[in-house]
file coords_26.txt (compact mmCIF, C-alpha atoms)
# COMPACT_ATOMS: atom_id res chain seq x y z
CA MET A 1 93.96 100.57 90.61
CA GLU A 2 96.21 102.54 88.30
CA GLY A 3 97.97 105.69 89.46
CA ILE A 4 96.10 107.84 86.94
CA THR A 5 92.79 106.63 88.40
CA HIS A 6 93.80 107.63 91.91
CA THR A 7 95.07 111.01 90.67
CA LEU A 8 91.84 111.77 88.83
CA SER A 9 89.83 110.70 91.87
CA GLY A 10 91.75 113.35 93.83
CA VAL A 11 90.98 115.97 91.18
CA VAL A 12 87.25 115.17 91.18
CA VAL A 13 86.76 114.77 94.93
CA SER A 14 88.74 117.94 95.71
CA SER A 15 86.17 119.80 93.61
CA LEU A 16 83.47 119.00 96.16
CA GLY A 17 84.77 121.77 98.42
CA ILE A 18 88.45 121.36 99.22
CA ARG A 19 89.57 123.36 96.21
CA GLN A 20 87.02 126.12 96.81
CA GLY A 21 87.40 126.31 100.59
CA PHE A 22 91.12 125.82 101.24
CA GLY A 23 93.04 126.81 98.11
CA THR A 24 95.91 125.40 96.08
CA THR A 25 98.20 124.16 98.87
CA VAL A 26 95.60 122.02 100.60
CA THR A 27 94.21 120.77 97.28
CA THR A 28 97.69 119.72 96.13
CA ALA A 29 98.32 117.91 99.42
CA PHE A 30 95.02 116.07 99.00
CA ILE A 31 95.71 114.98 95.40
CA ILE A 32 99.24 113.83 96.25
CA SER A 33 97.92 111.83 99.19
CA THR A 34 95.47 110.01 96.89
CA VAL A 35 98.45 108.67 94.91
CA PHE A 36 101.08 108.39 97.66
CA PRO A 37 100.34 104.82 98.87
CA ASP A 38 101.57 103.49 95.51
CA ILE A 39 105.03 104.84 96.27
CA ASP A 40 105.82 101.22 97.11
CA PHE A 41 106.29 100.68 93.36
CA LEU A 42 109.82 101.99 93.97
CA ALA A 43 110.53 98.52 95.33
CA MET A 44 110.86 97.41 91.70
CA TRP A 45 114.00 99.50 91.41
CA ILE A 46 115.55 97.56 94.29
CA ASN A 47 114.55 94.10 93.13
CA ARG A 48 112.20 93.07 90.32
CA TYR A 49 110.31 90.72 92.65
CA TYR A 50 109.83 93.14 95.52
CA TYR A 51 106.78 94.75 93.90
CA LEU A 52 104.84 91.48 94.17
CA ARG A 53 106.03 90.99 97.71
CA TYR A 54 105.51 94.47 99.13
CA HIS A 55 102.87 96.20 96.99
CA ARG A 56 99.69 96.94 98.93
CA GLY A 57 101.71 96.57 102.12
CA ILE A 58 102.53 99.08 104.85
CA THR A 59 101.68 102.15 102.74
CA HIS A 60 98.18 100.71 102.29
CA SER A 61 97.65 99.77 105.93
CA LEU A 62 95.63 101.61 108.57
CA LEU A 63 98.80 102.37 110.52
CA GLY A 64 100.53 103.53 107.35
CA ILE A 65 97.66 105.88 106.55
CA LEU A 66 98.05 107.59 109.92
CA ILE A 67 101.84 107.87 109.72
CA PHE A 68 102.31 108.84 106.08
CA SER A 69 99.43 111.33 106.16
CA PHE A 70 101.23 113.05 109.01
CA LEU A 71 104.46 113.16 106.99
CA ILE A 72 102.72 114.57 103.90
CA ALA A 73 101.04 117.24 106.02
CA LEU A 74 104.31 118.08 107.77
CA ILE A 75 106.16 118.49 104.46
CA PHE A 76 103.50 120.84 103.11
CA TYR A 77 103.31 122.70 106.41
CA LEU A 78 107.06 123.35 106.53
CA SER A 79 107.61 123.97 102.81
CA THR A 80 104.65 126.24 102.08
CA GLY A 81 104.18 128.07 105.34
CA HIS A 82 100.53 127.07 105.50
CA SER A 83 99.14 128.15 108.84
CA ASP A 84 96.84 125.23 109.62
CA PHE A 85 98.60 121.88 110.08
CA LYS A 86 95.37 120.23 111.23
CA ILE A 87 93.64 120.91 107.90
CA LEU A 88 96.64 119.58 105.97
CA TYR A 89 96.66 116.43 108.06
CA LEU A 90 92.94 115.80 107.72
CA VAL A 91 92.88 116.19 103.94
CA SER A 92 96.01 114.01 103.60
CA LEU A 93 94.37 111.41 105.80
CA ALA A 94 91.20 111.55 103.68
CA GLY A 95 93.18 111.21 100.44
CA MET A 96 95.14 108.18 101.58
CA ALA A 97 92.03 106.55 103.05
CA MET A 98 90.22 107.03 99.73
CA HIS A 99 93.13 105.38 97.88
CA VAL A 100 93.09 102.34 100.16
CA GLY A 101 89.29 102.18 100.00
CA PHE A 102 89.33 102.07 96.20
CA ASP A 103 92.07 99.42 96.20
CA PHE A 104 90.04 97.36 98.67
CA LEU A 105 87.44 96.87 95.94
CA ASN A 106 89.64 94.72 93.68
CA SER A 107 90.90 91.19 94.05
CA TYR A 108 94.61 92.03 94.25
CA GLY A 109 94.21 92.24 98.02
CA THR A 110 95.33 94.86 100.54
CA GLN A 111 97.20 94.23 103.80
CA ILE A 112 95.33 96.84 105.79
CA LEU A 113 96.32 95.42 109.20
CA LEU A 114 100.09 95.44 108.74
CA PRO A 115 102.31 95.12 110.71
CA PHE A 116 100.00 93.18 113.03
CA SER A 117 98.71 90.84 110.31
CA SER A 118 99.80 90.10 106.73
CA GLN A 119 96.32 88.87 105.79
CA LYS A 120 95.09 90.38 102.51
CA TYR A 121 91.55 91.74 102.40
CA SER A 122 89.46 92.47 99.32
CA LEU A 123 85.86 93.00 98.29
CA ASP A 124 86.65 91.28 94.95
CA LEU A 125 84.50 93.54 92.77
CA ASP A 126 87.29 94.19 90.23
CA ILE A 127 90.47 92.49 89.08
CA ILE A 128 93.20 95.13 88.76
CA PHE A 129 91.74 97.15 85.92
CA ASP A 130 89.40 100.01 86.76
CA LEU A 131 87.28 100.75 83.70
CA TRP A 132 84.30 101.46 85.96
CA PHE A 133 86.31 104.27 87.59
CA ILE A 134 88.64 105.62 84.93
CA GLY A 135 85.88 106.39 82.41
CA PRO A 136 83.71 108.57 84.69
CA LEU A 137 86.77 110.18 86.31
CA VAL A 138 88.30 111.21 82.95
CA PHE A 139 84.96 112.63 81.83
CA GLY A 140 84.47 114.38 85.17
CA SER A 141 87.96 115.90 85.23
CA LEU A 142 87.51 117.29 81.72
CA ALA A 143 84.06 118.63 82.55
CA ILE A 144 85.38 120.34 85.68
CA TYR A 145 88.11 122.00 83.61
CA VAL A 146 85.66 123.17 80.94
CA PHE A 147 82.90 124.23 83.36
CA PRO A 148 84.71 125.33 86.56
CA LYS A 149 81.66 127.14 87.90
CA SER A 150 79.77 123.83 87.99
CA GLN A 151 82.62 121.74 89.37
CA ARG A 152 80.89 120.87 92.65
CA ILE A 153 77.77 119.55 90.87
CA ILE A 154 79.87 117.68 88.28
CA ALA A 155 82.00 116.05 90.98
CA LEU A 156 78.90 115.02 92.92
CA LEU A 157 77.33 113.46 89.81
CA ILE A 158 80.51 111.56 88.94
CA LEU A 159 80.92 110.17 92.46
CA THR A 160 77.26 109.19 92.55
CA LEU A 161 77.71 107.31 89.27
CA ILE A 162 80.78 105.50 90.62
CA LEU A 163 79.04 104.56 93.87
CA LEU A 164 76.05 103.24 91.93
CA SER A 165 78.33 101.11 89.77
CA VAL A 166 80.01 99.70 92.90
CA ALA A 167 76.62 98.91 94.45
CA PHE A 168 75.39 97.28 91.23
CA ARG A 169 78.46 95.04 90.95
CA TYR A 170 78.20 94.14 94.63
CA VAL A 171 74.61 93.01 94.09
CA GLN A 172 75.66 90.93 91.06
CA ARG A 173 78.46 89.33 93.03
CA GLN A 174 76.05 88.40 95.83
CA ARG A 175 73.71 86.87 93.24
CA ALA A 176 76.61 84.85 91.85
CA ILE A 177 77.44 83.57 95.33
CA GLY A 178 73.80 82.62 95.85
CA LEU A 179 73.65 80.69 92.58
CA ILE A 180 76.84 78.80 93.47
CA CYS A 181 75.48 77.95 96.92
CA VAL A 182 72.33 76.49 95.34
CA ALA A 183 74.37 74.38 92.92
CA GLN A 184 77.04 73.33 95.42
CA SER A 185 75.38 73.76 98.85
CA GLU A 186 78.61 75.41 99.93
CA LYS A 187 79.73 79.03 99.99
CA PRO A 188 82.76 79.65 97.74
CA LEU A 189 86.09 80.71 99.21
CA ALA A 190 85.99 83.77 96.99
CA THR A 191 83.97 85.16 94.09
CA PHE A 192 85.49 87.68 91.69
CA PRO A 193 85.18 88.81 88.04
CA ALA A 194 85.50 85.85 85.68
CA GLY A 195 88.76 86.47 83.91
CA MET A 196 90.93 89.26 82.57
CA GLU A 197 88.89 89.70 79.40
CA SER A 198 85.57 90.07 81.23
CA PHE A 199 86.48 92.74 83.81
CA TYR A 200 84.12 95.16 82.05
CA ASN A 201 81.13 92.78 82.27
CA PRO A 202 79.34 93.06 85.64
CA PHE A 203 77.38 89.84 85.07
CA LEU A 204 80.30 87.38 84.70
CA TRP A 205 81.83 85.98 87.90
CA ARG A 206 84.04 83.13 89.04
CA GLY A 207 83.56 81.32 92.34
CA VAL A 208 86.29 79.12 93.82
CA ILE A 209 85.77 76.13 96.11
CA LEU A 210 88.70 74.10 97.44
CA ARG A 211 88.69 70.36 96.77
CA GLU A 212 91.20 67.61 97.54
CA ASP A 213 92.13 67.34 93.87
CA GLY A 214 92.34 71.07 93.26
CA TYR A 215 90.09 74.08 92.95
CA LEU A 216 86.52 73.70 91.76
CA SER A 217 85.94 76.79 89.66
CA TYR A 218 82.38 77.93 88.90
CA GLU A 219 81.71 80.34 86.05
CA VAL A 220 78.51 82.30 86.67
CA ASP A 221 76.49 84.55 84.36
CA THR A 222 74.04 86.35 86.65
CA SER A 223 72.10 87.90 83.76
CA ARG A 224 71.23 84.43 82.40
CA ARG A 225 71.43 82.61 85.75
CA LYS A 226 73.80 80.20 84.04
CA ILE A 227 76.50 78.21 85.87
CA THR A 228 79.31 76.06 84.51
CA SER A 229 82.10 74.38 86.47
CA SER A 230 85.52 72.88 85.87
CA ILE A 231 88.43 71.54 87.90
CA VAL A 232 91.63 73.56 87.87
CA HIS A 233 94.44 71.77 89.70
CA SER A 234 96.51 73.79 92.13
CA CYS A 235 100.28 73.90 92.30
CA ASP A 236 101.68 70.97 94.24
CA LYS A 237 103.86 72.84 96.72
CA VAL A 238 105.46 69.60 97.84
CA ILE A 239 106.82 69.08 94.34
CA LEU A 240 107.67 72.75 93.95
CA ALA A 241 109.49 72.95 97.29
CA LYS A 242 112.80 71.82 95.78
CA TYR A 243 112.47 74.44 93.05
CA MET A 244 111.49 77.26 95.41
CA SER A 245 114.99 77.31 96.89
CA ARG A 246 116.33 77.91 93.37
CA SER A 247 114.08 80.81 92.44
CA GLU A 248 113.23 83.96 94.37
CA LEU A 249 110.51 84.72 91.83
CA LEU A 250 108.78 81.38 92.42
CA ARG A 251 108.90 81.83 96.21
CA THR A 252 107.52 85.35 95.89
CA PHE A 253 104.78 84.26 93.50
CA LEU A 254 103.51 81.46 95.76
CA LEU A 255 103.42 83.87 98.70
CA TRP A 256 101.49 86.43 96.65
CA ALA A 257 99.00 84.17 94.82
CA ARG A 258 95.64 83.55 96.50
CA PHE A 259 94.63 80.59 94.31
CA PRO A 260 97.79 79.25 92.62
CA PHE A 261 97.71 76.53 90.01
CA GLY A 262 100.35 75.26 87.65
CA THR A 263 102.33 72.52 86.04
CA VAL A 264 105.87 71.16 85.97
CA GLU A 265 107.07 69.93 82.58
CA LYS A 266 110.33 68.02 82.14
CA ASP A 267 112.26 67.26 78.97
CA ASP A 268 115.76 66.15 78.01
CA SER A 269 117.24 69.63 78.42
CA GLY A 270 115.63 70.63 81.72
CA THR A 271 112.41 71.65 83.49
CA THR A 272 109.74 74.26 82.78
CA ILE A 273 107.51 75.50 85.61
CA LEU A 274 104.30 77.34 84.74
CA CYS A 275 102.12 78.95 87.42
CA GLY A 276 98.96 81.03 87.41
CA ASP A 277 96.36 82.42 89.80
CA LEU A 278 92.63 81.82 89.39
CA ARG A 279 91.94 85.52 89.98
CA PHE A 280 93.52 86.29 86.62
CA ALA A 281 92.77 83.13 84.65
CA SER A 282 91.20 83.70 81.26
CA ARG A 283 87.68 82.34 80.70
CA GLU A 284 88.71 81.17 77.23
CA LYS A 285 92.12 79.92 78.42
CA PRO A 286 91.72 78.40 81.92
CA ASN A 287 95.47 77.68 82.06
CA TYR A 288 96.39 81.35 81.92
CA PHE A 289 99.90 81.30 83.31
CA LEU A 290 101.48 84.41 84.84
CA LEU A 291 104.87 82.89 85.64
CA ARG A 292 107.24 80.85 83.51
CA MET A 293 110.53 79.53 84.85
CA ARG A 294 113.08 77.43 82.99
CA LEU A 295 115.66 75.26 84.79
CA ASP A 296 118.57 73.26 83.38
CA ARG A 297 119.08 69.55 84.09
CA GLN A 298 120.92 70.39 87.31
CA GLY A 299 117.96 72.44 88.56
CA ASN A 300 119.61 75.83 88.10
CA GLU A 301 117.44 78.70 86.92
CA ILE A 302 118.07 79.66 83.29
CA SER A 303 115.29 82.20 82.87
CA SER A 304 112.13 83.40 84.57
CA ARG A 305 109.33 85.79 83.67
CA PHE A 306 106.20 87.17 85.32
CA SER A 307 103.47 89.20 83.61
CA PHE A 308 99.79 89.93 84.28
CA ARG A 309 99.31 89.63 80.52
CA GLY A 310 100.38 85.99 80.58
CA VAL A 311 103.60 84.23 79.61
call {"tool": "encode", "arguments": {"input": "coords_26.txt", "output": "C-alpha cells"}}
result
Amino acid sequence: MEGITHTLSGVVVSSLGIRQGFGTTVTTAFIISTVFPDIDFLAMWINRYYYLRYHRGITHSLLGILIFSFLIALIFYLSTGHSDFKILYLVSLAGMAMHVGFDFLNSYGTQILLPFSSQKYSLDLDIIFDLWFIGPLVFGSLAIYVFPKSQRIIALLILTLILLSVAFRYVQRQRAIGLICVAQSEKPLATFPAGMESFYNPFLWRGVILREDGYLSYEVDTSRRKITSSIVHSCDKVILAKYMSRSELLRTFLLWARFPFGTVEKDDSGTTILCGDLRFASREKPNYFLLRMRLDRQGNEISSRFSFRGV
C-alpha cells in the first residue's frame, strides 16, 4: 500500500480512542508507527535495485515489529518526557502491526518471518494499489476534521466499511478458486486480481497453475461465472543464467518475481531481454513486461529499466 494510505489509516484508527484518551504525543507515535515500516524505501538511495530486493523485508517482519516499535516508543519517551513508556510501546506496536496487516492483503508479498525465513506471504486480495482503502480513508479523515465531536463514530463506520470490502473480496477470490478447481480439477498456485487495470473490480481474478511448458493462466469473472485460459511461458532461467551475471537488475528481478515470464530477442546489434510477472500482467496485454534490458553483441549491459507501469 501507499504511504498516504497507511498515514490516513493511522489518523482514522487513532480517532477510535487513542487521540481522546492519551493525547497528542501518543497519537503522533501511533500515526508514525503506521508508516514506519516503509522506511525501507531509503534503500533506493543506496542502490536503485535495493528497493525490489529489500522492500517488505525486516521492517515488515514479526521480529521487526517488536524491535522497531520499541525504538519508536523509546524515542518518544526520551524526547517528549511522556511518563508511560508502556503505552507508547503498545500503540507503536499496534500501528506497525496494522501496517503489516494491510500490506499482507496484497500480492506484492511480505516476508513476515525474517530473518528465519525469506518466504513471502500474501492474501492476494489486491495488487499494489489500494483504491478500496484510500477512498474511505480520505473521506473519513476529512469527516473527522469537519465533525470532531463525531470522530469515534465516523472512524468506526469507515473501518467497518473497509472490513466489509475485504470480506467481500475474499469471498469473490474463494469463488474464483472454486471455479478454477471445477474446470481444472486442481487448486491454483495463487489467485489474485486479474491485471493492473482491473484492481478496482472485485469480480475479476487470475489463477495460476504451473505446467511443464509454462504457466496456465485462468481469467475468472465471478459475477458471470465465466472462465478463460491461456498459456503464458515463464522465463527460461537456464538461458537467462549467462545474462544474470551481467545485470544486477535481472538477478534482483528474478529473485523478487513470484511468477516470472519473458523473452530473449536477438538482432545484429545485440540482445533485448524482456521480463514480467503474472501478478501485474495486463488482461488486455498478457505480455506486460516490467523489465527491459539491452545488451551489446559482447553481452555487456547497455541499458536497463524497471517500472510497474510497464516498459
call {"tool": "closest_residue", "arguments": {"input": "coords_26.txt", "among": "A:Phe139, A:Phe192, A:Phe203, A:Phe308", "to": "Phe168 of chain A", "atoms": "all atoms listed in the file"}}
result
A:Phe203
call {"tool": "closest_residue", "arguments": {"input": "coords_26.txt", "among": "A:Leu62, A:Leu113, A:Leu274, A:Ile134", "to": "Ile4 of chain A", "atoms": "all atoms listed in the file"}}
result
A:Ile134
call {"tool": "atom_distance", "arguments": {"input": "coords_26.txt", "atom1": "atom CA of Leu295 of chain A", "atom2": "atom CA of Cys275 of chain A"}}
result
14.3 Å
call {"tool": "closest_residue", "arguments": {"input": "coords_26.txt", "among": "A:Leu125, A:Val232, A:Gly140, A:Ala97", "to": "Phe30 of chain A", "atoms": "only C-alpha atoms"}}
result
A:Ala97
call {"tool": "atom_distance", "arguments": {"input": "coords_26.txt", "atom1": "atom CA of Leu142 of chain A", "atom2": "atom CA of Ala155 of chain A"}}
result
10.8 Å
call {"tool": "closest_residue", "arguments": {"input": "coords_26.txt", "among": "A:Gln119, A:Ser141, A:Gln20, A:Ser83", "to": "Thr5 of chain A", "atoms": "only C-alpha atoms"}}
result
A:Ser141
call {"tool": "residues_near_point", "arguments": {"input": "coords_26.txt", "point": "(83.0, 80.3, 87.1)", "cutoff": "7 Å", "atoms": "all atoms listed in the file", "output": "PDB file with C-alpha atoms, in the frame of the given file"}}
result
ATOM      1  CA  ALA A 194      85.500  85.850  85.680  1.00  0.00           C
ATOM      2  CA  TRP A 205      81.830  85.980  87.900  1.00  0.00           C
ATOM      3  CA  ARG A 206      84.040  83.130  89.040  1.00  0.00           C
ATOM      4  CA  GLY A 207      83.560  81.320  92.340  1.00  0.00           C
ATOM      5  CA  SER A 217      85.940  76.790  89.660  1.00  0.00           C
ATOM      6  CA  TYR A 218      82.380  77.930  88.900  1.00  0.00           C
ATOM      7  CA  GLU A 219      81.710  80.340  86.050  1.00  0.00           C
ATOM      8  CA  VAL A 220      78.510  82.300  86.670  1.00  0.00           C
ATOM      9  CA  ILE A 227      76.500  78.210  85.870  1.00  0.00           C
ATOM     10  CA  THR A 228      79.310  76.060  84.510  1.00  0.00           C
ATOM     11  CA  SER A 229      82.100  74.380  86.470  1.00  0.00           C
TER      12      SER A 229
END
call {"tool": "residues_near_point", "arguments": {"input": "coords_26.txt", "point": "(113.8, 67.1, 78.5)", "cutoff": "12 Å", "atoms": "all atoms listed in the file", "output": "ChimeraX atom specification"}}
result
/A:264-272,294-298
call {"tool": "closest_residue", "arguments": {"input": "coords_26.txt", "among": "A:Val12, A:Leu159, A:Leu278, A:Val208", "to": "Ile180 of chain A", "atoms": "all atoms listed in the file"}}
result
A:Val208
call {"tool": "closest_residue", "arguments": {"input": "coords_26.txt", "among": "A:Val26, A:Val35, A:Ile153, A:Leu123", "to": "Tyr89 of chain A", "atoms": "only C-alpha atoms"}}
result
A:Val26
call {"tool": "atom_distance", "arguments": {"input": "coords_26.txt", "atom1": "atom CA of Phe22 of chain A", "atom2": "atom CA of Asp40 of chain A"}}
result
29.0 Å
call {"tool": "residues_around", "arguments": {"input": "coords_26.txt", "residues": "Tyr108 of chain A", "least_positions_apart": "4", "cutoff": "9 Å", "atoms": "all atoms listed in the file", "output": "number ranges by chain"}}
result
A: 56, 103-104, 120-122, 124, 126-128, 258, 279
call {"tool": "residues_around", "arguments": {"input": "coords_26.txt", "residues": "Tyr243 of chain A", "least_positions_apart": "5", "cutoff": "10 Å", "atoms": "all atoms listed in the file", "output": "list in words"}}
result
Lys237, Val238, Glu248, Leu250, Arg251, Thr271, Ile273, Met293, Leu295, Gly299, Asn300 and Glu301 of chain A
call {"tool": "build_atoms", "arguments": {"input": "coords_26.txt", "residues": "segment 8-33 of chain A", "atoms": "N, CA and C atoms", "output": "compact mmCIF listing (two decimals), keeping the file's coordinate frame"}}
result
# COMPACT_ATOMS: atom_id res chain seq x y z
N LEU A 8 93.08 111.15 89.29
CA LEU A 8 91.84 111.77 88.83
C LEU A 8 90.77 111.75 89.92
N SER A 9 90.78 110.73 90.76
CA SER A 9 89.83 110.70 91.87
C SER A 9 90.10 111.87 92.82
N GLY A 10 91.39 112.20 93.01
CA GLY A 10 91.75 113.35 93.83
C GLY A 10 91.28 114.65 93.21
N VAL A 11 91.42 114.76 91.89
CA VAL A 11 90.98 115.97 91.18
C VAL A 11 89.47 116.16 91.33
N VAL A 12 88.72 115.07 91.13
CA VAL A 12 87.25 115.17 91.18
C VAL A 12 86.76 115.42 92.60
N VAL A 13 87.24 114.65 93.56
CA VAL A 13 86.76 114.77 94.93
C VAL A 13 87.15 116.12 95.53
N SER A 14 88.33 116.63 95.18
CA SER A 14 88.74 117.94 95.71
C SER A 14 87.79 119.04 95.24
N SER A 15 87.09 118.80 94.14
CA SER A 15 86.17 119.80 93.61
C SER A 15 84.86 119.86 94.38
N LEU A 16 84.68 118.97 95.34
CA LEU A 16 83.47 119.00 96.16
C LEU A 16 83.52 120.11 97.22
N GLY A 17 84.69 120.70 97.43
CA GLY A 17 84.77 121.77 98.42
C GLY A 17 86.17 122.09 98.89
N ILE A 18 87.07 121.12 98.77
CA ILE A 18 88.45 121.36 99.22
C ILE A 18 89.09 122.46 98.40
N ARG A 19 88.96 122.37 97.09
CA ARG A 19 89.57 123.36 96.21
C ARG A 19 89.01 124.76 96.47
N GLN A 20 87.68 124.83 96.62
CA GLN A 20 87.02 126.12 96.81
C GLN A 20 87.26 126.71 98.20
N GLY A 21 87.33 125.82 99.22
CA GLY A 21 87.40 126.31 100.59
C GLY A 21 88.79 126.51 101.15
N PHE A 22 89.80 125.78 100.60
CA PHE A 22 91.12 125.82 101.24
C PHE A 22 92.26 126.21 100.30
N GLY A 23 92.01 126.30 99.01
CA GLY A 23 93.04 126.81 98.11
C GLY A 23 93.99 125.76 97.56
N THR A 24 95.01 126.25 96.86
CA THR A 24 95.91 125.40 96.08
C THR A 24 96.76 124.47 96.95
N THR A 25 97.30 124.97 98.05
CA THR A 25 98.20 124.16 98.87
C THR A 25 97.50 122.93 99.43
N VAL A 26 96.35 123.12 100.01
CA VAL A 26 95.60 122.02 100.60
C VAL A 26 95.11 121.07 99.51
N THR A 27 94.68 121.61 98.39
CA THR A 27 94.21 120.77 97.28
C THR A 27 95.35 119.90 96.75
N THR A 28 96.53 120.48 96.60
CA THR A 28 97.69 119.72 96.13
C THR A 28 98.06 118.62 97.11
N ALA A 29 98.03 118.92 98.39
CA ALA A 29 98.32 117.91 99.42
C ALA A 29 97.32 116.76 99.33
N PHE A 30 96.06 117.10 99.10
CA PHE A 30 95.02 116.07 99.00
C PHE A 30 95.26 115.17 97.79
N ILE A 31 95.52 115.77 96.63
CA ILE A 31 95.71 114.98 95.40
C ILE A 31 96.95 114.09 95.51
N ILE A 32 98.03 114.64 96.06
CA ILE A 32 99.24 113.83 96.25
C ILE A 32 98.97 112.66 97.19
N SER A 33 98.22 112.90 98.22
CA SER A 33 97.92 111.83 99.19
C SER A 33 97.07 110.72 98.57
